[in-house]
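For reference, data_8.pdb is printed below; it contains PDB, C-alpha atoms.
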ATOM      1  CA  MET A   1     -36.918 -11.593   1.378
ATOM      2  CA  ASN A   2     -38.857 -11.092  -1.810
ATOM      3  CA  ALA A   3     -37.376 -11.437  -5.261
ATOM      4  CA  ALA A   4     -36.920  -7.674  -5.796
ATOM      5  CA  THR A   5     -34.999  -7.290  -2.520
ATOM      6  CA  LEU A   6     -32.791 -10.261  -3.313
ATOM      7  CA  GLU A   7     -32.111  -8.872  -6.762
ATOM      8  CA  LEU A   8     -31.216  -5.486  -5.281
ATOM      9  CA  GLU A   9     -28.805  -7.040  -2.780
ATOM     10  CA  LYS A  10     -27.211  -9.117  -5.496
ATOM     11  CA  ARG A  11     -26.716  -6.042  -7.658
ATOM     12  CA  ARG A  12     -25.002  -4.261  -4.757
ATOM     13  CA  ASP A  13     -22.714  -7.241  -4.137
ATOM     14  CA  ASP A  14     -21.888  -7.453  -7.837
ATOM     15  CA  ALA A  15     -21.044  -3.752  -7.942
ATOM     16  CA  LEU A  16     -18.741  -4.102  -4.951
ATOM     17  CA  LYS A  17     -17.062  -7.172  -6.406
ATOM     18  CA  ALA A  18     -16.507  -5.363  -9.701
ATOM     19  CA  ILE A  19     -14.942  -2.344  -7.954
ATOM     20  CA  LEU A  20     -12.562  -4.609  -6.033
ATOM     21  CA  GLU A  21     -11.623  -7.161  -8.648
ATOM     22  CA  ASN A  22     -11.257  -4.745 -11.538
ATOM     23  CA  VAL A  23      -7.829  -3.851 -10.108
ATOM     24  CA  PRO A  24      -5.099  -6.476 -10.738
ATOM     25  CA  TYR A  25      -3.101  -5.465  -7.654
ATOM     26  CA  ASN A  26      -6.131  -6.083  -5.372
ATOM     27  CA  ARG A  27      -6.337  -9.624  -6.750
ATOM     28  CA  PHE A  28      -2.557 -10.024  -6.352
ATOM     29  CA  LEU A  29      -2.858  -9.314  -2.604
ATOM     30  CA  GLU A  30      -6.064 -11.443  -2.476
ATOM     31  CA  VAL A  31      -8.022  -8.673  -0.754
ATOM     32  CA  SER A  32     -11.774  -9.305  -0.270
ATOM     33  CA  VAL A  33     -14.554  -7.085   1.109
ATOM     34  CA  ASP A  34     -17.505  -7.995   3.357
ATOM     35  CA  ARG A  35     -20.583  -5.783   3.288
ATOM     36  CA  LEU A  36     -23.312  -5.347   5.892
ATOM     37  CA  GLY A  37     -25.711  -2.718   4.586
ATOM     38  CA  ASP A  38     -23.412   0.138   3.621
ATOM     39  CA  GLU A  39     -20.643  -0.849   6.047
ATOM     40  CA  LEU A  40     -17.616  -2.305   4.270
ATOM     41  CA  THR A  41     -14.859  -4.357   5.897
ATOM     42  CA  ALA A  42     -11.793  -5.200   3.816
ATOM     43  CA  ARG A  43      -9.905  -8.412   4.520
ATOM     44  CA  LEU A  44      -6.271  -9.237   3.829
ATOM     45  CA  PRO A  45      -5.495 -12.952   4.147
ATOM     46  CA  PHE A  46      -2.081 -13.886   5.503
ATOM     47  CA  ARG A  47       0.337 -15.492   3.039
ATOM     48  CA  ASP A  48       4.097 -16.090   3.319
ATOM     49  CA  GLU A  49       4.595 -13.733   0.363
ATOM     50  CA  ILE A  50       3.465 -10.661   2.331
ATOM     51  CA  VAL A  51       6.019 -11.089   5.113
ATOM     52  CA  GLY A  52       8.461  -8.235   5.728
ATOM     53  CA  ASN A  53      10.255  -9.749   8.692
ATOM     54  CA  PRO A  54      10.405 -13.576   8.819
ATOM     55  CA  PHE A  55      12.180 -13.564  12.203
ATOM     56  CA  LEU A  56       9.253 -12.079  14.161
ATOM     57  CA  PRO A  57       7.405 -12.833  11.788
ATOM     58  CA  ALA A  58       5.534  -9.690  10.706
ATOM     59  CA  ILE A  59       3.699  -8.458   7.623
ATOM     60  CA  HIS A  60       5.637  -6.000   5.408
ATOM     61  CA  GLY A  61       4.878  -2.350   6.242
ATOM     62  CA  GLY A  62       4.446  -1.663   2.539
ATOM     63  CA  VAL A  63       1.741  -4.329   2.254
ATOM     64  CA  MET A  64      -0.040  -2.899   5.281
ATOM     65  CA  GLY A  65       0.095   0.574   3.708
ATOM     66  CA  ALA A  66      -1.158  -0.849   0.410
ATOM     67  CA  PHE A  67      -4.024  -2.653   2.142
ATOM     68  CA  LEU A  68      -5.121   0.591   3.871
ATOM     69  CA  GLU A  69      -4.975   2.388   0.524
ATOM     70  CA  ILE A  70      -7.032  -0.335  -1.187
ATOM     71  CA  THR A  71      -9.632  -0.101   1.591
ATOM     72  CA  ALA A  72      -9.851   3.671   0.993
ATOM     73  CA  GLN A  73     -10.218   3.233  -2.775
ATOM     74  CA  VAL A  74     -12.931   0.583  -2.494
ATOM     75  CA  GLN A  75     -14.837   2.800  -0.053
ATOM     76  CA  LEU A  76     -14.590   5.684  -2.538
ATOM     77  CA  GLY A  77     -15.719   3.458  -5.405
ATOM     78  CA  TRP A  78     -18.655   2.344  -3.314
ATOM     79  CA  LEU A  79     -19.435   5.983  -2.470
ATOM     80  CA  GLN A  80     -19.668   6.727  -6.192
ATOM     81  CA  VAL A  81     -21.945   3.818  -7.129
ATOM     82  CA  SER A  82     -24.205   4.163  -4.105
ATOM     83  CA  GLU A  83     -24.763   7.836  -4.969
ATOM     84  CA  HIS A  84     -25.315   6.914  -8.576
ATOM     85  CA  GLY A  85     -28.552   5.176  -7.700
ATOM     86  CA  ALA A  86     -28.091   2.079  -9.820
ATOM     87  CA  VAL A  87     -27.365   0.026  -6.719
ATOM     88  CA  ASN A  88     -30.133   1.628  -4.683
ATOM     89  CA  SER A  89     -33.140   1.849  -6.954
ATOM     90  CA  GLU A  90     -35.401  -1.067  -7.785
ATOM     91  CA  ASP A  91     -34.775  -0.164 -11.395
ATOM     92  CA  ASN A  92     -32.839  -2.889 -13.143
ATOM     93  CA  ALA A  93     -30.340  -0.521 -14.796
ATOM     94  CA  ALA A  94     -27.371  -2.799 -14.386
ATOM     95  CA  ILE A  95     -24.239  -1.716 -12.613
ATOM     96  CA  SER A  96     -22.986  -5.213 -13.373
ATOM     97  CA  GLY A  97     -23.062  -4.263 -17.043
ATOM     98  CA  GLY A  98     -19.563  -2.844 -16.656
ATOM     99  CA  ALA A  99     -20.371   0.555 -15.150
ATOM    100  CA  ILE A 100     -17.366   0.453 -12.826
ATOM    101  CA  PRO A 101     -16.522   3.875 -11.409
ATOM    102  CA  ARG A 102     -13.164   5.354 -12.343
ATOM    103  CA  ILE A 103     -10.522   4.994  -9.675
ATOM    104  CA  PRO A 104      -9.838   7.998  -7.425
ATOM    105  CA  LYS A 105      -6.214   9.195  -7.355
ATOM    106  CA  SER A 106      -4.246   9.350  -4.103
ATOM    107  CA  ILE A 107      -3.005  12.898  -3.473
ATOM    108  CA  ASP A 108      -1.233  12.298  -0.201
ATOM    109  CA  ILE A 109      -1.415   9.697   2.532
ATOM    110  CA  SER A 110       0.058   9.392   5.984
ATOM    111  CA  ILE A 111       0.437   5.976   7.587
ATOM    112  CA  ASP A 112       1.039   5.327  11.275
ATOM    113  CA  TYR A 113       2.323   1.902  12.287
ATOM    114  CA  LEU A 114       1.074   1.191  15.799
ATOM    115  CA  ARG A 115       1.922  -2.466  16.307
ATOM    116  CA  SER A 116       3.724  -5.081  14.264
ATOM    117  CA  ALA A 117       1.237  -6.981  12.102
ATOM    118  CA  ARG A 118       1.399 -10.679  12.926
ATOM    119  CA  PRO A 119       0.948 -13.625  10.544
ATOM    120  CA  ARG A 120      -2.845 -13.743  10.522
ATOM    121  CA  GLU A 121      -5.821 -12.172   8.752
ATOM    122  CA  THR A 122      -6.045  -8.366   8.851
ATOM    123  CA  PHE A 123      -9.243  -6.281   8.620
ATOM    124  CA  ALA A 124      -9.776  -2.619   7.759
ATOM    125  CA  ARG A 125     -12.559  -0.072   7.609
ATOM    126  CA  ALA A 126     -12.544   3.400   6.081
ATOM    127  CA  ASN A 127     -14.398   6.439   7.392
ATOM    128  CA  VAL A 128     -15.040   9.359   5.085
ATOM    129  CA  GLN A 129     -14.332  12.514   7.092
ATOM    130  CA  LYS A 130     -15.207  14.971   4.374
ATOM    131  CA  ALA A 131     -16.518  14.362   0.874
ATOM    132  CA  GLY A 132     -15.844  17.540  -1.067
ATOM    133  CA  ARG A 133     -16.678  18.033  -4.727
ATOM    134  CA  ARG A 134     -13.152  17.142  -5.910
ATOM    135  CA  VAL A 135     -11.297  15.926  -2.829
ATOM    136  CA  VAL A 136     -12.321  13.353  -0.237
ATOM    137  CA  HIS A 137     -10.531  13.100   3.088
ATOM    138  CA  LEU A 138     -10.713   9.783   4.896
ATOM    139  CA  HIS A 139      -9.321   7.757   7.745
ATOM    140  CA  VAL A 140      -8.697   4.011   7.596
ATOM    141  CA  THR A 141      -7.996   1.700  10.529
ATOM    142  CA  ALA A 142      -6.581  -1.825  10.295
ATOM    143  CA  TRP A 143      -6.705  -4.415  13.055
ATOM    144  CA  GLN A 144      -6.163  -8.136  13.597
ATOM    145  CA  ASP A 145      -7.352  -9.991  16.722
ATOM    146  CA  GLN A 146      -8.968  -7.059  18.485
ATOM    147  CA  ARG A 147     -10.571  -4.091  16.811
ATOM    148  CA  GLU A 148      -9.653  -1.824  19.721
ATOM    149  CA  ARG A 149      -5.974  -2.635  19.184
ATOM    150  CA  PRO A 150      -5.320  -1.284  15.675
ATOM    151  CA  VAL A 151      -2.092  -2.305  13.931
ATOM    152  CA  ALA A 152      -1.996   0.613  11.472
ATOM    153  CA  MET A 153      -3.918   3.737  10.503
ATOM    154  CA  LEU A 154      -4.051   5.893   7.394
ATOM    155  CA  ARG A 155      -5.137   9.477   6.808
ATOM    156  CA  GLY A 156      -5.411  10.536   3.207
ATOM    157  CA  ASN A 157      -6.709  12.937   0.582
ATOM    158  CA  PHE A 158      -8.021  11.477  -2.653
ATOM    159  CA  LEU A 159      -8.930  13.227  -5.895
ATOM    160  CA  MET A 160     -12.291  12.060  -7.248
ATOM    161  CA  PRO A 161     -12.530  11.445 -11.007
ATOM    162  CA  GLU A 162     -14.357  14.151 -12.955
TER     163      GLU A 162
ATOM    164  CA  MET B   1       9.891  -3.631   8.468
ATOM    165  CA  ASN B   2      13.132  -4.847   9.946
ATOM    166  CA  SER B   3      15.920  -3.775   7.635
ATOM    167  CA  LYS B   4      18.375  -6.153   9.207
ATOM    168  CA  LEU B   5      16.930  -8.570   6.696
ATOM    169  CA  LEU B   6      18.357  -6.651   3.798
ATOM    170  CA  TYR B   7      21.723  -7.907   4.948
ATOM    171  CA  GLU B   8      20.999 -11.185   6.671
ATOM    172  CA  LEU B   9      18.668 -12.972   4.269
ATOM    173  CA  PRO B  10      20.270 -14.731   1.355
ATOM    174  CA  ASP B  11      20.030 -12.207  -1.463
ATOM    175  CA  THR B  12      20.316 -13.324  -5.061
ATOM    176  CA  PHE B  13      21.418 -11.548  -8.204
ATOM    177  CA  ASP B  14      19.594 -11.240 -11.486
ATOM    178  CA  GLU B  15      21.284 -11.594 -14.884
ATOM    179  CA  ASP B  16      22.655  -8.036 -14.922
ATOM    180  CA  GLY B  17      24.137  -8.425 -11.447
ATOM    181  CA  THR B  18      21.566  -6.414  -9.497
ATOM    182  CA  LEU B  19      20.831  -7.458  -5.938
ATOM    183  CA  ILE B  20      17.349  -8.939  -5.486
ATOM    184  CA  VAL B  21      16.091  -7.956  -2.054
ATOM    185  CA  GLY B  22      15.662 -11.027   0.185
ATOM    186  CA  ILE B  23      12.665  -9.793   2.219
ATOM    187  CA  PRO B  24       9.814 -12.152   1.226
ATOM    188  CA  HIS B  25       7.374  -9.486   0.034
ATOM    189  CA  SER B  26      10.080  -7.409  -1.647
ATOM    190  CA  LYS B  27      11.231 -10.499  -3.493
ATOM    191  CA  ASP B  28       7.633 -11.289  -4.472
ATOM    192  CA  ILE B  29       7.272  -7.964  -6.286
ATOM    193  CA  GLY B  30      10.759  -8.185  -7.827
ATOM    194  CA  MET B  31      12.398  -5.408  -5.788
ATOM    195  CA  ARG B  32      16.091  -4.721  -6.481
ATOM    196  CA  MET B  33      18.749  -2.923  -4.442
ATOM    197  CA  HIS B  34      21.322  -0.927  -6.414
ATOM    198  CA  TYR B  35      23.148   0.991  -3.717
ATOM    199  CA  ALA B  36      23.243   1.223   0.086
ATOM    200  CA  GLU B  37      26.008   3.273   1.706
ATOM    201  CA  ASN B  38      26.498   6.344   3.913
ATOM    202  CA  GLY B  39      22.842   6.587   4.878
ATOM    203  CA  VAL B  40      21.650   6.481   1.254
ATOM    204  CA  ALA B  41      19.872   3.593  -0.488
ATOM    205  CA  ILE B  42      18.676   3.201  -4.088
ATOM    206  CA  LEU B  43      16.111   0.494  -4.859
ATOM    207  CA  SER B  44      13.734  -0.248  -7.737
ATOM    208  CA  VAL B  45      10.617  -2.222  -8.688
ATOM    209  CA  PRO B  46      10.028  -3.382 -12.272
ATOM    210  CA  TRP B  47       6.629  -2.819 -13.911
ATOM    211  CA  ALA B  48       4.417  -5.947 -13.877
ATOM    212  CA  ALA B  49       0.829  -6.504 -15.056
ATOM    213  CA  ARG B  50      -0.219  -8.086 -11.731
ATOM    214  CA  LEU B  51       0.835  -4.945  -9.830
ATOM    215  CA  VAL B  52      -1.351  -2.592 -11.860
ATOM    216  CA  GLY B  53      -3.664  -0.268  -9.909
ATOM    217  CA  ASP B  54      -5.768   1.113 -12.758
ATOM    218  CA  PRO B  55      -6.522  -1.261 -15.656
ATOM    219  CA  GLU B  56      -7.560   1.689 -17.848
ATOM    220  CA  SER B  57      -4.104   3.281 -17.796
ATOM    221  CA  GLY B  58      -1.897   0.339 -16.755
ATOM    222  CA  ILE B  59      -0.159   2.339 -14.013
ATOM    223  CA  LEU B  60       1.286   0.576 -10.960
ATOM    224  CA  HIS B  61      -0.796   0.627  -7.767
ATOM    225  CA  GLY B  62       0.113   3.197  -5.113
ATOM    226  CA  GLY B  63       0.666   0.289  -2.737
ATOM    227  CA  VAL B  64       3.668  -0.850  -4.792
ATOM    228  CA  VAL B  65       5.160   2.640  -4.475
ATOM    229  CA  THR B  66       4.457   2.523  -0.719
ATOM    230  CA  ALA B  67       6.280  -0.819  -0.358
ATOM    231  CA  LEU B  68       9.250   0.541  -2.336
ATOM    232  CA  LEU B  69       9.464   3.779  -0.314
ATOM    233  CA  ASP B  70       9.152   1.910   3.006
ATOM    234  CA  THR B  71      11.844  -0.618   2.122
ATOM    235  CA  ALA B  72      14.194   2.032   0.697
ATOM    236  CA  CYS B  73      13.861   4.269   3.777
ATOM    237  CA  GLY B  74      14.549   1.281   6.044
ATOM    238  CA  ALA B  75      17.574   0.365   3.920
ATOM    239  CA  ALA B  76      18.894   3.962   4.165
ATOM    240  CA  VAL B  77      18.744   3.729   7.985
ATOM    241  CA  MET B  78      20.669   0.450   7.879
ATOM    242  CA  ALA B  79      23.214   2.033   5.548
ATOM    243  CA  ARG B  80      24.358   4.555   8.175
ATOM    244  CA  SER B  81      27.933   4.078   9.356
ATOM    245  CA  LYS B  82      26.652   3.310  12.883
ATOM    246  CA  ARG B  83      24.376   0.548  11.743
ATOM    247  CA  PRO B  84      21.434  -0.158  14.084
ATOM    248  CA  ALA B  85      20.591  -3.737  15.044
ATOM    249  CA  SER B  86      17.073  -3.421  13.627
ATOM    250  CA  THR B  87      14.480  -0.895  12.466
ATOM    251  CA  ALA B  88      10.678  -0.676  12.516
ATOM    252  CA  THR B  89       8.582   1.871  10.592
ATOM    253  CA  LEU B  90       6.852   4.349  12.891
ATOM    254  CA  ASP B  91       5.181   6.458  10.245
ATOM    255  CA  LEU B  92       5.379   7.185   6.562
ATOM    256  CA  ARG B  93       3.925  10.168   4.728
ATOM    257  CA  ILE B  94       3.665  10.013   0.954
ATOM    258  CA  ASP B  95       2.856  12.703  -1.614
ATOM    259  CA  TYR B  96       1.897  11.357  -5.012
ATOM    260  CA  MET B  97       3.201  13.737  -7.694
ATOM    261  CA  ARG B  98       2.029  11.795 -10.706
ATOM    262  CA  PRO B  99       1.026   8.207 -11.609
ATOM    263  CA  ALA B 100       3.871   5.778 -12.361
ATOM    264  CA  ARG B 101       4.176   5.313 -16.125
ATOM    265  CA  LYS B 102       3.020   2.034 -17.694
ATOM    266  CA  GLY B 103       5.865  -0.338 -18.515
ATOM    267  CA  ALA B 104       8.560   1.663 -16.721
ATOM    268  CA  ARG B 105      10.381   0.591 -13.581
ATOM    269  CA  ILE B 106      10.219   2.835 -10.523
ATOM    270  CA  LEU B 107      13.430   3.797  -8.764
ATOM    271  CA  CYS B 108      13.629   5.165  -5.264
ATOM    272  CA  ARG B 109      16.420   7.096  -3.577
ATOM    273  CA  ALA B 110      16.124   7.257   0.191
ATOM    274  CA  GLU B 111      18.279   9.108   2.667
ATOM    275  CA  CYS B 112      18.547   8.849   6.449
ATOM    276  CA  TYR B 113      19.419  12.424   7.400
ATOM    277  CA  ARG B 114      19.261  12.220  11.183
ATOM    278  CA  MET B 115      19.565   9.450  13.717
ATOM    279  CA  THR B 116      19.044   9.814  17.460
ATOM    280  CA  ARG B 117      19.429   7.136  20.133
ATOM    281  CA  SER B 118      16.089   5.545  19.280
ATOM    282  CA  ILE B 119      14.646   7.298  16.181
ATOM    283  CA  ALA B 120      15.848   7.654  12.590
ATOM    284  CA  PHE B 121      14.460  10.298  10.201
ATOM    285  CA  THR B 122      14.323   9.609   6.480
ATOM    286  CA  ARG B 123      13.165  11.129   3.221
ATOM    287  CA  ALA B 124      12.791   9.503  -0.166
ATOM    288  CA  THR B 125      11.926  10.216  -3.778
ATOM    289  CA  ALA B 126      10.437   7.755  -6.269
ATOM    290  CA  TYR B 127      11.094   8.436  -9.961
ATOM    291  CA  HIS B 128      11.532   6.901 -13.397
ATOM    292  CA  ASP B 129      14.904   6.353 -15.061
ATOM    293  CA  ASP B 130      15.021   9.727 -16.807
ATOM    294  CA  ASN B 131      14.616  11.289 -13.357
ATOM    295  CA  GLU B 132      12.452  14.164 -14.596
ATOM    296  CA  ASP B 133       9.257  12.277 -13.823
ATOM    297  CA  MET B 134       9.052  12.445 -10.070
ATOM    298  CA  VAL B 135       6.405   9.894  -9.051
ATOM    299  CA  ALA B 136       6.243  10.424  -5.298
ATOM    300  CA  THR B 137       8.097  11.839  -2.324
ATOM    301  CA  ALA B 138       7.978  10.513   1.210
ATOM    302  CA  SER B 139       9.242  11.162   4.691
ATOM    303  CA  GLY B 140       9.336   8.503   7.362
ATOM    304  CA  ALA B 141      10.374   7.989  10.957
ATOM    305  CA  PHE B 142      11.798   4.670  12.162
ATOM    306  CA  MET B 143      12.310   3.157  15.596
ATOM    307  CA  ILE B 144      15.803   1.702  15.891
ATOM    308  CA  ASP B 145      17.558  -0.746  18.138
ATOM    309  CA  ARG B 146      21.201   0.080  18.683
ATOM    310  CA  GLN B 147      23.827  -2.572  18.156
ATOM    311  CA  LYS B 148      25.172  -3.901  21.410
ATOM    312  CA  SER B 149      28.918  -3.309  21.151
TER     313      SER B 149
END

Encoded form (structure tokens):
Amino acid sequence: MNAATLELEKRRDDALKAILENVPYNRFLEVSVDRLGDELTARLPFRDEIVGNPFLPAIHGGVMGAFLEITAQVQLGWLQVSEHGAVNSEDNAAISGGAIPRIPKSIDISIDYLRSARPRETFARANVQKAGRRVVHLHVTAWQDQRERPVAMLRGNFLMPE
Amino acid sequence: MNSKLLYELPDTFDEDGTLIVGIPHSKDIGMRMHYAENGVAILSVPWAARLVGDPESGILHGGVVTALLDTACGAAVMARSKRPASTATLDLRIDYMRPARKGARILCRAECYRMTRSIAFTRATAYHDDNEDMVATASGAFMIDRQKS
């Protein structure tokens, strides 16, 4: 890869990192995000503090819901910066200069718990179903060992900042 | 979550005598239980900087509200007179009325209004102390295991 391509990729990674780590609660849950091109995968590491049922043991349903919501928000943040152009153009206008998009507001969400989440790393991906001018509808799926055996799913409407 | 834990884990009390919920994650975010009887439960989460969802406004993250609503609904199921052996969340739908105010604790009142052999239906409201600021409402369905008598 040439220097310009490397620089572009770095700027995209920096933008993503800023979107994620700007939010204290995301750091509190130690959520990270992997990116391949424009595909984002959120990761929730297992810690004893996120347990809801120590007898099984299983991750707290509230944490699983929160993780799905974080995945949705990061996807929406990414949607904003990638449309903005700063992370796509070769132009050095820096997104890393603090141009973090404002956080979309949750309007309503619906979470389905399909399986109990075991004490191990959890992954999630969001799919935008419709990006309207004000409201975005998306689906998020979380899984652990096997992607085809999801542990939880979220459907939600989010209000984009003006 | 398995609400059995609300009763079986060693709960502790803070200085003003409020029950600190013993579930590991609930304890980690400082969740308190104020009431749990007759299918109704009242719980709260104090505001904390590390739980903030928007650094610009300082409001708590929606995920904190989700954890509170989930735990409170589970507690309401366990607070029915015919207490089930355990519960597991099947689904939870949340409407966010307004962001939770910076610095203020969030309370949640949950009610289990119907229980069949294997499913419990709940609804809950999250609000601030003055009660006029409704933060969120939720409805949730829970799988239950009946006590073996």

For this session: Go through the shown structure with the PyMOL selection byres ((chain B) within 10 of (chain A)) and write out the matching residues as an NGL selection string.
Result: :B and (1-6 or 9 or 22-29 or 48-56 or 58 or 60-71 or 88-99 or 136-142)

For this session: Enumerate, as a VMD selection string, the residues matched when the PyMOL selection byres ((chain B and resi 100-112) around 8) is run on the file above.
Result: chain B and resid 39 to 48 57 to 60 65 68 to 69 72 to 73 75 to 77 80 98 to 99 113 to 115 120 to 129 135

Okay, now the selection with C-alpha atoms, as a PDB file, in the coordinates of the input?
ATOM      1  CA  GLY B  39      22.842   6.587   4.878  1.00  0.00           C
ATOM      2  CA  VAL B  40      21.650   6.481   1.254  1.00  0.00           C
ATOM      3  CA  ALA B  41      19.872   3.593  -0.488  1.00  0.00           C
ATOM      4  CA  ILE B  42      18.676   3.201  -4.088  1.00  0.00           C
ATOM      5  CA  LEU B  43      16.111   0.494  -4.859  1.00  0.00           C
ATOM      6  CA  SER B  44      13.734  -0.248  -7.737  1.00  0.00           C
ATOM      7  CA  VAL B  45      10.617  -2.222  -8.688  1.00  0.00           C
ATOM      8  CA  PRO B  46      10.028  -3.382 -12.272  1.00  0.00           C
ATOM      9  CA  TRP B  47       6.629  -2.819 -13.911  1.00  0.00           C
ATOM     10  CA  ALA B  48       4.417  -5.947 -13.877  1.00  0.00           C
ATOM     11  CA  SER B  57      -4.104   3.281 -17.796  1.00  0.00           C
ATOM     12  CA  GLY B  58      -1.897   0.339 -16.755  1.00  0.00           C
ATOM     13  CA  ILE B  59      -0.159   2.339 -14.013  1.00  0.00           C
ATOM     14  CA  LEU B  60       1.286   0.576 -10.960  1.00  0.00           C
ATOM     15  CA  VAL B  65       5.160   2.640  -4.475  1.00  0.00           C
ATOM     16  CA  LEU B  68       9.250   0.541  -2.336  1.00  0.00           C
ATOM     17  CA  LEU B  69       9.464   3.779  -0.314  1.00  0.00           C
ATOM     18  CA  ALA B  72      14.194   2.032   0.697  1.00  0.00           C
ATOM     19  CA  CYS B  73      13.861   4.269   3.777  1.00  0.00           C
ATOM     20  CA  ALA B  75      17.574   0.365   3.920  1.00  0.00           C
ATOM     21  CA  ALA B  76      18.894   3.962   4.165  1.00  0.00           C
ATOM     22  CA  VAL B  77      18.744   3.729   7.985  1.00  0.00           C
ATOM     23  CA  ARG B  80      24.358   4.555   8.175  1.00  0.00           C
ATOM     24  CA  ARG B  98       2.029  11.795 -10.706  1.00  0.00           C
ATOM     25  CA  PRO B  99       1.026   8.207 -11.609  1.00  0.00           C
ATOM     26  CA  TYR B 113      19.419  12.424   7.400  1.00  0.00           C
ATOM     27  CA  ARG B 114      19.261  12.220  11.183  1.00  0.00           C
ATOM     28  CA  MET B 115      19.565   9.450  13.717  1.00  0.00           C
ATOM     29  CA  ALA B 120      15.848   7.654  12.590  1.00  0.00           C
ATOM     30  CA  PHE B 121      14.460  10.298  10.201  1.00  0.00           C
ATOM     31  CA  THR B 122      14.323   9.609   6.480  1.00  0.00           C
ATOM     32  CA  ARG B 123      13.165  11.129   3.221  1.00  0.00           C
ATOM     33  CA  ALA B 124      12.791   9.503  -0.166  1.00  0.00           C
ATOM     34  CA  THR B 125      11.926  10.216  -3.778  1.00  0.00           C
ATOM     35  CA  ALA B 126      10.437   7.755  -6.269  1.00  0.00           C
ATOM     36  CA  TYR B 127      11.094   8.436  -9.961  1.00  0.00           C
ATOM     37  CA  HIS B 128      11.532   6.901 -13.397  1.00  0.00           C
ATOM     38  CA  ASP B 129      14.904   6.353 -15.061  1.00  0.00           C
ATOM     39  CA  VAL B 135       6.405   9.894  -9.051  1.00  0.00           C
TER      40      VAL B 135
END

For this session: Could you tell me how far CA of Trp143 (chain A) lies from CA of Thr122 (chain A), in Å and to one decimal?
Result: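 A separation of 5.8 Å between them.
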
For this session: Could you jot down the CA of Leu138 (chain A) to CA of Val151 (chain A) separation for me, Å, one decimal place?
Result: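 Calculated distance between CA of Leu138 (chain A) and CA of Val151 (chain A) is 17.4 Å.
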
Exercise. Quick one: of B:Ile119, B:Gly30, B:Tyr35, B:Glu132, who's nearest to Pro84 (chain B), counting all atoms listed in the file?
Worked result: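 Using all atoms listed in the file, Pro84 (chain B) sits closest to B:Ile119.
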
Output as AutoDock Vina command-line options the centre and edge lengths (Å, one decimal) of the box along x, y and z of the file that holds every listed atom of region 4-21 of chain A after adding 6 Å on each side.
--center_x -24.3 --center_y -6.3 --center_z -6.1 --size_x 37.3 --size_y 19.9 --size_z 19.2

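In this structure, CA of Ala124 (chain A) sits 28.2 Å away from CA of Val21 (chain B).
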
Exercise. For this file, the PyMOL selection byres ((chain A and resi 144) around 10) selects which residues, as a PyMOL selection string?
Worked result: chain A and resi 43-44+117-124+142-143+145-152

For this session: May I have the residues at most 12 Å from (-18.2, -3.9, 10.1) in the file's coordinates, counting all atoms listed in the file, as a PyMOL selection string?
Result: chain A and resi 33-43+123-127+141-143+147

With N, CA and C atoms as the target, complete region 105-116 of chain A and hand it back as a compact mmCIF listing (two decimals), keeping the file's coordinate frame.
# COMPACT_ATOMS: atom_id res chain seq x y z
N LYS A 105 -7.68 9.12 -7.46
CA LYS A 105 -6.21 9.20 -7.36
C LYS A 105 -5.82 9.61 -5.94
N SER A 106 -4.78 8.93 -5.40
CA SER A 106 -4.25 9.35 -4.10
C SER A 106 -3.50 10.66 -4.29
N ILE A 107 -3.76 11.64 -3.44
CA ILE A 107 -3.00 12.90 -3.47
C ILE A 107 -1.87 12.80 -2.45
N ASP A 108 -2.25 12.55 -1.22
CA ASP A 108 -1.23 12.30 -0.20
C ASP A 108 -1.83 11.39 0.88
N ILE A 109 -0.98 10.59 1.46
CA ILE A 109 -1.42 9.70 2.53
C ILE A 109 -0.37 9.72 3.65
N SER A 110 -0.84 9.47 4.85
CA SER A 110 0.06 9.39 5.98
C SER A 110 -0.30 8.13 6.76
N ILE A 111 0.69 7.26 6.94
CA ILE A 111 0.44 5.98 7.59
C ILE A 111 1.15 5.92 8.93
N ASP A 112 0.43 5.54 9.97
CA ASP A 112 1.04 5.33 11.28
C ASP A 112 1.04 3.84 11.58
N TYR A 113 2.20 3.32 11.94
CA TYR A 113 2.32 1.90 12.29
C TYR A 113 2.31 1.78 13.81
N LEU A 114 1.25 1.20 14.35
CA LEU A 114 1.07 1.19 15.80
C LEU A 114 1.61 -0.07 16.46
N ARG A 115 1.45 -1.18 15.78
CA ARG A 115 1.92 -2.47 16.31
C ARG A 115 2.42 -3.28 15.13
N SER A 116 3.30 -4.25 15.39
CA SER A 116 3.72 -5.08 14.26
C SER A 116 2.57 -6.01 13.91
